[in-house]
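Participant: Sharing upload.csv (CSV, C-alpha atoms and all ligand atoms) below.
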chain,number,residue,atom,x,y,z
A,1463,MET,CA,-32.0,11.3,-10.3
A,1464,SER,CA,-28.7,9.5,-10.2
A,1465,ASP,CA,-27.5,8.4,-6.8
A,1466,LYS,CA,-23.9,8.4,-8.0
A,1467,VAL,CA,-21.3,11.1,-7.3
A,1468,ASP,CA,-18.8,12.3,-9.9
A,1469,ILE,CA,-15.3,12.4,-8.5
A,1470,THR,CA,-11.7,12.3,-9.7
A,1471,LEU,CA,-9.2,9.9,-8.2
A,1472,THR,CA,-5.6,10.7,-9.0
A,1473,ILE,CA,-3.7,7.5,-8.8
A,1474,ASN,CA,0.1,7.5,-9.3
A,1475,GLY,CA,-0.3,10.9,-11.0
A,1476,ALA,CA,-3.0,9.8,-13.4
A,1477,PRO,CA,-6.5,11.3,-13.0
A,1478,HIS,CA,-9.5,9.0,-13.2
A,1479,ALA,CA,-12.8,10.7,-13.6
A,1480,ILE,CA,-15.4,8.2,-12.2
A,1481,SER,CA,-18.9,8.1,-11.0
A,1482,VAL,CA,-19.5,6.2,-7.8
A,1483,ALA,CA,-22.1,5.4,-5.2
A,1484,PRO,CA,-21.5,7.4,-2.0
A,1485,ARG,CA,-21.0,4.2,0.0
A,1486,LYS,CA,-18.4,2.6,-2.4
A,1487,THR,CA,-15.2,2.0,-0.6
A,1488,LEU,CA,-12.0,3.5,-2.0
A,1489,VAL,CA,-10.4,0.1,-2.6
A,1490,ASP,CA,-13.3,-1.0,-4.6
A,1491,ALA,CA,-13.2,2.2,-6.7
A,1492,ILE,CA,-9.4,1.9,-7.2
A,1493,ARG,CA,-9.8,-1.7,-8.4
A,1494,ASP,CA,-13.2,-1.7,-10.2
A,1495,ASP,CA,-13.5,1.8,-11.6
A,1496,CYS,CA,-9.9,2.7,-12.2
A,1497,GLY,CA,-8.6,-0.8,-13.1
A,1498,ARG,CA,-5.7,-0.7,-10.7
A,1499,THR,CA,-5.9,-4.2,-9.2
A,1500,GLY,CA,-2.5,-4.2,-7.5
A,1501,THR,CA,-4.1,-3.1,-4.3
A,1502,HIS,CA,-5.6,-6.2,-2.7
A,1503,ILE,CA,-8.7,-6.7,-0.6
A,1504,GLY,CA,-8.5,-9.1,2.4
A,1505,CYS,CA,-10.7,-8.5,5.4
A,1506,GLU,CA,-12.5,-5.4,4.2
A,1507,HIS,CA,-12.7,-4.1,7.8
A,1508,GLY,CA,-9.3,-2.6,8.5
A,1509,VAL,CA,-7.5,-5.5,10.1
A,1510,CYS,CA,-5.2,-7.1,7.5
A,1511,GLY,CA,-3.6,-4.1,5.7
A,1512,ALA,CA,-3.7,-5.8,2.3
A,1513,CYS,CA,-5.5,-2.7,0.9
A,1514,THR,CA,-2.9,-0.2,2.2
A,1515,VAL,CA,-2.2,2.8,-0.1
A,1516,ILE,CA,-0.6,6.2,0.5
A,1517,ILE,CA,-2.9,9.3,0.3
A,1518,ASP,CA,-1.4,12.7,0.5
A,1519,GLY,CA,1.6,11.2,2.2
A,1520,GLU,CA,-0.3,9.2,4.8
A,1521,THR,CA,-0.6,5.4,4.8
A,1522,VAL,CA,-4.3,4.5,4.7
A,1523,ARG,CA,-6.4,1.3,4.7
A,1524,SER,CA,-8.4,1.9,1.6
A,1525,CYS,CA,-11.2,-0.4,2.7
A,1526,LEU,CA,-11.9,2.0,5.5
A,1527,MET,CA,-12.4,5.1,3.3
A,1528,PHE,CA,-15.2,5.9,1.0
A,1529,ALA,CA,-14.0,6.8,-2.5
A,1530,VAL,CA,-15.7,10.1,-2.3
A,1531,GLN,CA,-13.5,11.1,0.6
A,1532,ALA,CA,-10.4,10.7,-1.7
A,1533,ASP,CA,-11.8,13.1,-4.4
A,1534,GLY,CA,-8.9,15.4,-5.4
A,1535,CYS,CA,-6.3,13.6,-3.3
A,1536,GLU,CA,-3.0,12.2,-4.5
A,1537,ILE,CA,-3.3,8.4,-4.2
A,1538,ARG,CA,-0.2,6.1,-4.5
A,1539,THR,CA,-0.6,2.4,-5.1
A,1540,VAL,CA,1.9,-0.4,-5.6
A,1541,GLU,CA,1.7,0.1,-9.3
A,1542,GLY,CA,3.5,3.5,-8.8
A,1543,LEU,CA,6.5,2.2,-6.9
A,1544,ALA,CA,8.6,1.0,-9.9
A,1545,THR,CA,9.8,3.2,-12.7
A,1546,SER,CA,9.6,1.9,-16.2
A,1547,ASP,CA,13.0,0.2,-16.0
A,1548,LYS,CA,13.7,-0.2,-12.3
A,1549,LEU,CA,12.0,-1.8,-9.4
A,1550,HIS,CA,11.7,0.3,-6.2
A,1551,PRO,CA,14.4,-0.7,-3.6
A,1552,LEU,CA,11.7,-2.3,-1.5
A,1553,GLN,CA,10.4,-4.5,-4.3
A,1554,ALA,CA,14.0,-5.6,-5.2
A,1555,SER,CA,14.7,-6.3,-1.5
A,1556,PHE,CA,11.5,-8.4,-1.1
A,1557,ILE,CA,12.7,-10.6,-4.0
A,1558,LYS,CA,16.2,-10.8,-2.7
A,1559,HIS,CA,15.2,-11.7,0.9
A,1560,HIS,CA,12.3,-14.0,0.0
A,1561,ALA,CA,9.8,-11.8,1.8
A,1562,LEU,CA,6.8,-13.2,0.0
A,1563,GLN,CA,5.2,-16.5,-0.7
A,1564,CYS,CA,1.7,-16.3,-2.1
A,1565,GLY,CA,2.1,-12.5,-2.4
A,1566,PHE,CA,-1.4,-11.6,-1.4
A,1567,CYS,CA,-0.2,-9.3,1.4
A,1568,THR,CA,2.8,-7.9,-0.5
A,1569,PRO,CA,1.3,-4.8,-2.0
A,1570,GLY,CA,0.0,-3.7,1.4
A,1571,PHE,CA,3.4,-4.3,3.0
A,1572,LEU,CA,5.2,-2.5,0.3
A,1573,MET,CA,3.0,0.6,0.6
A,1574,LEU,CA,3.1,0.4,4.4
A,1575,ALA,CA,6.9,0.3,4.4
A,1576,ALA,CA,7.3,2.9,1.6
A,1577,GLY,CA,5.2,5.4,3.6
A,1578,ALA,CA,7.0,4.7,6.9
A,1579,ILE,CA,10.5,5.0,5.3
A,1580,GLU,CA,9.5,8.3,3.6
A,1581,ARG,CA,8.3,9.7,6.9
A,1582,ASN,CA,11.2,8.3,8.9
A,1583,PRO,CA,14.2,7.1,6.8
A,1584,ASP,CA,16.1,6.1,9.9
A,1585,MET,CA,13.8,3.8,11.9
A,1586,SER,CA,15.2,1.7,14.7
A,1587,ASP,CA,14.6,-2.0,14.6
A,1588,ASP,CA,11.9,-1.6,17.2
A,1589,GLU,CA,10.2,1.2,15.2
A,1590,LEU,CA,10.3,-0.9,12.1
A,1591,ILE,CA,8.8,-3.9,13.7
A,1592,GLU,CA,6.1,-1.7,15.3
A,1593,VAL,CA,5.2,-0.3,11.9
A,1594,LEU,CA,5.2,-3.7,10.2
A,1595,SER,CA,3.1,-5.3,12.9
A,1596,SER,CA,0.0,-3.5,11.7
A,1597,ASN,CA,-0.3,-5.7,8.6
A,1598,LEU,CA,-1.0,-9.5,8.4
A,1599,CYS,CA,0.9,-12.1,6.4
A,1600,ARG,CA,-0.3,-15.7,6.5
A,1601,CYS,CA,2.7,-17.3,4.8
A,1602,THR,CA,6.1,-15.8,5.6
A,1603,GLY,CA,6.4,-15.7,9.4
A,1604,TYR,CA,7.3,-12.0,9.0
A,1605,GLU,CA,11.1,-12.4,9.6
A,1606,ASN,CA,12.0,-12.0,5.9
A,1607,ILE,CA,9.6,-9.1,5.5
A,1608,VAL,CA,11.4,-7.3,8.4
A,1609,LYS,CA,14.8,-8.2,6.8
A,1610,ALA,CA,13.8,-7.0,3.4
A,1611,VAL,CA,12.4,-3.7,4.6
A,1612,ARG,CA,15.5,-3.1,6.9
A,1613,ALA,CA,17.8,-3.8,3.9
A,1614,ALA,CA,15.9,-1.5,1.6
A,1615,MET,CA,15.8,1.3,4.2
A,1616,LEU,CA,19.6,1.1,4.5
A,1617,GLU,CA,20.1,1.1,0.7
A,1618,MET,CA,17.8,4.1,0.4
A,1619,GLN,CA,19.8,5.9,3.1
A,1620,ALA,CA,23.0,5.3,1.2
A,1621,ALA,CA,21.6,6.4,-2.1
B,1,LIG,S1,-8.8,-5.3,3.3
B,1,LIG,FE1,-8.4,-3.3,4.2
B,1,LIG,S2,-7.5,-3.8,6.1
B,1,LIG,FE2,-8.0,-5.7,5.3
B,2,LIG,S1,3.0,-13.9,1.4
B,2,LIG,FE1,1.1,-15.0,1.6
B,2,LIG,S2,-0.1,-13.7,2.9
B,2,LIG,FE2,1.9,-12.8,2.9
Using structure tokens, write down the structure from this file.
Ligand code: FES
Ligand code: FES

Facilitator:
Amino acid sequence: MSDKVDITLTINGAPHAISVAPRKTLVDAIRDDCGRTGTHIGCEHGVCGACTVIIDGETVRSCLMFAVQADGCEIRTVEGLATSDKLHPLQASFIKHHALQCGFCTPGFLMLAAGAIERNPDMSDDELIEVLSSNLCRCTGYENIVKAVRAAMLEMQAA
């Protein structure tokens, strides 16, 4: 008898029918079984936020979920932010404000910020800093990340 479970992960609107061990984490399934490697793995225990994705509208650390728990959910990853001809305002703002260096943390910050802005498009500076404080970056010193997210939020409000 197979110890794997058949599930469907819907990532950025595309269904992926896969077979996974019940203990496989969602981030591993997204990367290994669905080929979406934009979502990064850092600490693997919920501390760094590199693995942040949006599931049914909620930002989630995908190293803390089992893949089977996301069966049938709508998962959004960094690959879904840009359209075919245009970067998401957050992506463009990260470039403009030099909000990345090595880029390892960037997919997680982008998804964290995208989810937060969608839930509250008018965050105060304090609220923004509180949200962004949940993810770790070892390069930038955070100031340019905050600047970039603030600028993107204002641009999205004006759009
Ligand atoms: S890899 Fe998931 S929080 Fe660090
Ligand atoms: S840009 Fe290197 S960890 Fe954030």

Participant: Please indicate the distance in Å from CA of Met1618 (chain A) to CA of Ser1595 (chain A), rounded to one decimal place.

Facilitator: 21.5 Å

Participant: How many Å separate CA of Ala1512 (chain A) from CA of Cys1599 (chain A)?

Facilitator: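 Taking CA of Ala1512 (chain A) as the start and CA of Cys1599 (chain A) as the end point, the length is 8.8 Å.
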
Participant: Could you pull the residues within 9 Å of Gly1577 (chain A), counting all atoms listed in the file, minus those fewer than 5 positions along the same chain, as a list of chain:residue names?

Facilitator: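 The residues satisfying every condition are A:Val1515, A:Ile1516, A:Gly1519, A:Glu1520, A:Thr1521, A:Leu1572, A:Asn1582.
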
Participant: Hey, which of A:Ala1491, A:Ala1479, A:Ala1613, A:Ile1591 ends up closest to Gln1553 (chain A)? Count all atoms listed in the file.

Facilitator: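 Among the listed residues, the smallest separation from Gln1553 (chain A) belongs to A:Ala1613.
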
Participant: Calculate how many Å separate CA of Ala1532 (chain A) from CA of Leu1471 (chain A), rounding to one decimal.

Facilitator: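 For CA of Ala1532 (chain A) relative to CA of Leu1471 (chain A), the distance reads 6.7 Å.
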
Participant: Could you give me the residues within 12 Å of ligand LIG 1 (chain B), counting all atoms listed in the file, as a PyMOL selection string?

Facilitator: chain A and resi 1487-1490+1501-1515+1521-1528+1566-1567+1569-1571+1574+1596-1599

Participant: When distances are computed from only C-alpha atoms and all ligand atoms, which of A:Lys1466, A:Lys1609, A:Arg1493, A:Arg1600 shows the smallest separation from ligand LIG 2 (chain B)?

Facilitator: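 Checking each candidate against ligand LIG 2 (chain B), we get A:Arg1600 as the closest.
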
Participant: Skip Asp1584 (chain A) itself and residues of its chain fewer than 6 positions away, then list as number ranges by chain all residues within 9 Å of it, counting all atoms listed in the file.

Facilitator: A: 1615-1616, 1619

Participant: Counting all atoms listed in the file, find the residues whose atoms lie at most 8 Å from (-16.1, 1.6, -9.3) (file coordinates) and write them out as a PDB file with C-alpha atoms, in the coordinates of the input.

Facilitator:
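The file below, result.pdb, is the result:
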ATOM      1  CA  ILE A1480     -15.400   8.200 -12.200  1.00  0.00           C
ATOM      2  CA  SER A1481     -18.900   8.100 -11.000  1.00  0.00           C
ATOM      3  CA  VAL A1482     -19.500   6.200  -7.800  1.00  0.00           C
ATOM      4  CA  LYS A1486     -18.400   2.600  -2.400  1.00  0.00           C
ATOM      5  CA  ASP A1490     -13.300  -1.000  -4.600  1.00  0.00           C
ATOM      6  CA  ALA A1491     -13.200   2.200  -6.700  1.00  0.00           C
ATOM      7  CA  ILE A1492      -9.400   1.900  -7.200  1.00  0.00           C
ATOM      8  CA  ARG A1493      -9.800  -1.700  -8.400  1.00  0.00           C
ATOM      9  CA  ASP A1494     -13.200  -1.700 -10.200  1.00  0.00           C
ATOM     10  CA  ASP A1495     -13.500   1.800 -11.600  1.00  0.00           C
ATOM     11  CA  CYS A1496      -9.900   2.700 -12.200  1.00  0.00           C
TER      12      CYS A1496
END

Participant: So, with only C-alpha atoms as the atoms that count, which of A:Ile1517, A:Ala1476, A:Cys1535, A:Cys1601 lies closest to Ala1561 (chain A)?

Facilitator: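 Once distances to Ala1561 (chain A) are computed over only C-alpha atoms, the minimum belongs to A:Cys1601.
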
Participant: For ligand LIG 2 (chain B), which of A:Ala1620, A:Leu1562, A:Met1585, A:Ile1607 is the closest residue, counting only C-alpha atoms and all ligand atoms?

Facilitator: A:Leu1562

Participant: Out of A:Gly1542, A:Pro1551, A:Gly1565, A:Gly1603, which residue has the shortest atom-to-atom distance to ligand LIG 2 (chain B) when counting all atoms listed in the file?

Facilitator: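 Going through A:Gly1542, A:Pro1551, A:Gly1565, A:Gly1603 one by one, the smallest distance to ligand LIG 2 (chain B) is for A:Gly1565.
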
Participant: Considering all atoms listed in the file, return as number ranges by chain whatever protein or nucleic-acid residues lie within 6 Å of Thr1472 (chain A), sequence-local ones (same chain, fewer than 6 positions apart) excluded.

Facilitator: A: 1478, 1536-1537

Participant: Nearest residue to Leu1594 (chain A) out of A:His1560, A:Arg1581, A:Ile1473, A:Ala1575, using all atoms listed in the file?

Facilitator: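 With all atoms listed in the file as the atom set, the closest residue is A:Ala1575.
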